[in-house]
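Here the structure comes first, spelled out in structure tokens, and everything after it is commentary.
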Amino acid sequence: MIEINESFLKLRAGYLFPEIGRRVRTFKQKHPQAKVISMGIGDVTQPLAPAVIEAMHRAVDEMGRQETFRGYDDSGVGYEFLRQAIIDGDFKSRGVDIELDEIFVSDGTKSDTGNMQEVFGIGNVVAVADPVYPVYVDTNVMAGRTGPISDGGQYAGIVYMPATAENGFVPEPPDRPVDMIYLCFPNNPTGAVATKDALARWVEYARSRKAVIFFDAAYEAYISDPAIPHSIYEIDGATDVAIEFRSCSKTAGFTGVRCAYSIVPKQLKAYTKDGKAVEVNPIWRRRHTTKFNGVSYITQVGAAAIYTPQGKRQIQQTIDVYMGNASLICAKLTRLGYKVYGGTNAPYIWVQTPKGVGSWEFFDLLLSKANVVCTPGAGFGPAGEGYVRLTAFGTPENVNEAMERLAKL
């Protein structure tokens, strides 16, 4: 008799974003003439930068000639030309030393943050912020690290760290030992950012507890405040305890192209049950190259173009469009009397719902009355109840129209 992995049965009925999609599809079927504006799922709308397109065209031409054709990436972890561009463009410029063999190119940060937990023991205690990006929790549920979910929406065996307006949506280290810590800054969903002092407290905590930080920096390109770190490796000692994840999806519009990377420092250690220190980098390399055959050559050439002078300039123009949207959303909603967070140094806006109105109730209200899609905060965890997330990734025209509709509610 074939048995199922019963850990999957602990999961909630549906992943957050497919459930949003289901509700939107149902609404459109009933109201086919409605123009629905999506400000919920964080997909981008601006086209790829011309420098990226030109580079990918050249790569396609190379693939059409026998003498320049490329098959598998022999390294399995990304072509050296892309990894060197990452080092020079993302880290050297910020005074951070990263080596080529510490970079692992992949198809997305969602995949990496979900897969990384596989190389760590099943008995590790996981800590997440609440609210939290659901993948961090769900993949650990699938792995069997948790007990059942409570009526309040929290899984037994996970340490939930409240991220609230009172603490600026930046949780403090817990007062108990944990082993695997998920942090995301700029934060999805709240739009909060972490100062160097805040990250230093986390690094010190991890070092003292021999814990590992999974640091999701997928939105670092949206930071404009020079005092806010873009990488956790800007903090002394972080390379001993942190794995960092970066993405081209929101930085350069690669949601439909797929390219990201993770940094696993060679000095990062985990431990066997008898206390022996083990390097994580070669173990992740083994896992990565066993289960993944690499990102396509065409995609990697396009990603490398992000770091050219013209690529940087063009991508900054796109980011400016999105951050202009964020500024508009924050200003309009504030004038309408909503309590608004984020939207500065981050493309997400965290909006408190009217008193007595739940997250999903407000979602349905916006969809039915304004034909605008948001993301219910409760989908990110119990502490997200009473909020919704809006994204700045729409077109300026749609964002402006959405705000005009909300003003008429």
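Chain labels follow the order of the structure tokens: the first chain is A, the next B, and so on; residue numbering restarts at 1 in every chain, and ligands are counted from 1 in their shown order.
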Backbone-only DSSP, strand (DSSP E or B) members of stretch 100-246 of chain A, as a PyMOL selection string: chain A and resi 103-106+126-130+149+155+158-162+180-184+212-216+242-246
Nearby residues (only C-alpha atoms) at most 9 Å from stretch 217-233 of chain A, same-chain spacing under 3 positions excluded, as a PyMOL selection string: chain A and resi 90-91+94+96-97+109+183-188+193-196+199-200+203+236-239+242-251+260+316+319-320+323+344-347
With a distance cut-off of 9 Å and only C-alpha atoms, select the neighbouring residues of A:Phe17, excluding the residue or stretch itself and same-chain residues fewer than 6 positions from it, and output the selection as a short mmCIF file (atom, residue, chain, number, x, y, z; two decimals) with N, CA and C atoms, in the first residue's frame.
data_model
loop_
_atom_site.label_atom_id
_atom_site.label_comp_id
_atom_site.auth_asym_id
_atom_site.auth_seq_id
_atom_site.Cartn_x
_atom_site.Cartn_y
_atom_site.Cartn_z
N GLY A 40 -3.15 43.03 -5.83
CA GLY A 40 -2.98 42.02 -4.80
C GLY A 40 -1.72 41.20 -4.99
N ILE A 41 -1.74 40.30 -5.96
CA ILE A 41 -0.56 39.46 -6.23
C ILE A 41 0.54 40.34 -6.79
N THR A 375 -4.69 41.86 -1.23
CA THR A 375 -4.37 40.59 -0.59
C THR A 375 -4.75 40.68 0.88
N GLY A 379 -4.17 36.13 5.36
CA GLY A 379 -3.52 35.07 4.60
C GLY A 379 -2.04 34.95 4.89
#
Using only C-alpha atoms for the distances, tell me which of A:Thr146, A:Asp179, A:Pro376, A:Glu118 is nearest to A:Tyr271.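 Checking each of A:Thr146, A:Asp179, A:Pro376, A:Glu118 against A:Tyr271, counting only C-alpha atoms, the winner is A:Asp179.
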At a cut-off of 7 Å, can you tabulate as JSON lines every residue of stretch 256-339 of chain A near stretch 58-74 of chain A together with its closest atom pair and the distance in Å to one decimal, using only C-alpha atoms and ordering rows by chain then number?
{"residue": "A:Gly294", "atom": "CA", "partner": "A:Asp73", "partner_atom": "CA", "distance": 6.4}
{"residue": "A:Tyr297", "atom": "CA", "partner": "A:Arg70", "partner_atom": "CA", "distance": 7.0}
{"residue": "A:Ile298", "atom": "CA", "partner": "A:Ala59", "partner_atom": "CA", "distance": 5.3}
{"residue": "A:Val301", "atom": "CA", "partner": "A:Ala59", "partner_atom": "CA", "distance": 6.7}
Write the residues of the selection above to a file with C-alpha atoms, as a JSON list (two decimals), in the first residue's frame.
[["chain", "number", "residue", "atom", "x", "y", "z"],
["A", 294, "GLY", "CA", 20.33, 25.10, -13.99],
["A", 297, "TYR", "CA", 21.79, 30.26, -20.90],
["A", 298, "ILE", "CA", 19.47, 32.80, -22.54],
["A", 301, "VAL", "CA", 22.68, 36.32, -20.34]]
Exercise: A:Leu268 partners within 9 Å, only C-alpha atoms, chain neighbours under 4 positions left out, as a list in words: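 Those residues are Val212, Thr239, Asp240, Val241, Ala242, Ile243, Val264, Val278, Glu279, Val280 and Asn281 of chain A.
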Work out how far apart atom CA of A:Asp138 and atom CA of A:Arg389 are and give it in Å to one decimal.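 So the two atoms, atom CA of A:Asp138 and atom CA of A:Arg389, lie 19.6 Å apart.
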Sort by chain and increasing residue number a table of all residues of stretch 193-299 of chain A within 12 Å of stretch 127-136 of chain A, each with its closest pair of atoms and their distance in Å to one decimal, counting only C-alpha atoms, and write it as a tab-separated table.
residue	atom	partner	partner_atom	distance
A:Trp202	CA	A:Ala127	CA	12.0
A:Ala206	CA	A:Ala127	CA	11.6
A:Ala211	CA	A:Ala127	CA	10.4
A:Val212	CA	A:Ala127	CA	10.4
A:Ile213	CA	A:Ala127	CA	9.5
A:Phe214	CA	A:Tyr136	CA	9.5
A:Phe215	CA	A:Tyr136	CA	11.1
A:Asp216	CA	A:Tyr133	CA	10.1
A:Ala218	CA	A:Tyr133	CA	12.0
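The smallest atom-to-atom distance between A:Cys374 and any of A:Met39, A:Leu11, A:Ala303, A:Val295, using only C-alpha atoms, is found for A:Met39.
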How would you write, as a PyMOL selection string, the set of residues in stretch 224-364 of chain A that DSSP gives as alpha helix (DSSP H)? chain A and resi 249-252+280-291+297-304+309-335+359-364
Taking into account only C-alpha atoms, which residue in the set A:Val159, A:Asn325, A:Asp364, A:Asn5 is nearest to A:Thr26?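 The shortest atom-to-atom distance to A:Thr26 comes from A:Asp364.
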Counting only C-alpha atoms, the residue of A:Tyr160, A:Pro173, A:Glu3, A:Thr190 that sits nearest A:Glu204: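 Distance minimum relative to A:Glu204 lands on A:Pro173.
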Atom CA of A:Pro309 to atom CA of A:Pro47, straight-line distance in Å: 18.2 Å
Could you tell me which of A:Met116, A:Ile103, A:Val399, A:Leu367 comes closest to A:Ala326 if we count only C-alpha atoms?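 The closest residue to A:Ala326 is A:Val399.
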Nearest residue to A:Arg12 out of A:Ile149, A:Ile283, A:Val77, A:Val44, using only C-alpha atoms?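 Distance minimum relative to A:Arg12 lands on A:Ile149.
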How far is it from atom CA of A:Lys266 to atom CA of A:Gly157, in Å with one decimal? 29.2 Å
Write out as a list of chain:residue names the residues lying within 9 Å of A:Thr299, counting only C-alpha atoms and excluding same-chain residues fewer than 3 positions away.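 The residues that qualify are A:Met56, A:Ala59, A:Val257, A:Arg258, A:Cys259, A:Val295, A:Ser296, A:Gly302, A:Ala303, A:Ala304.
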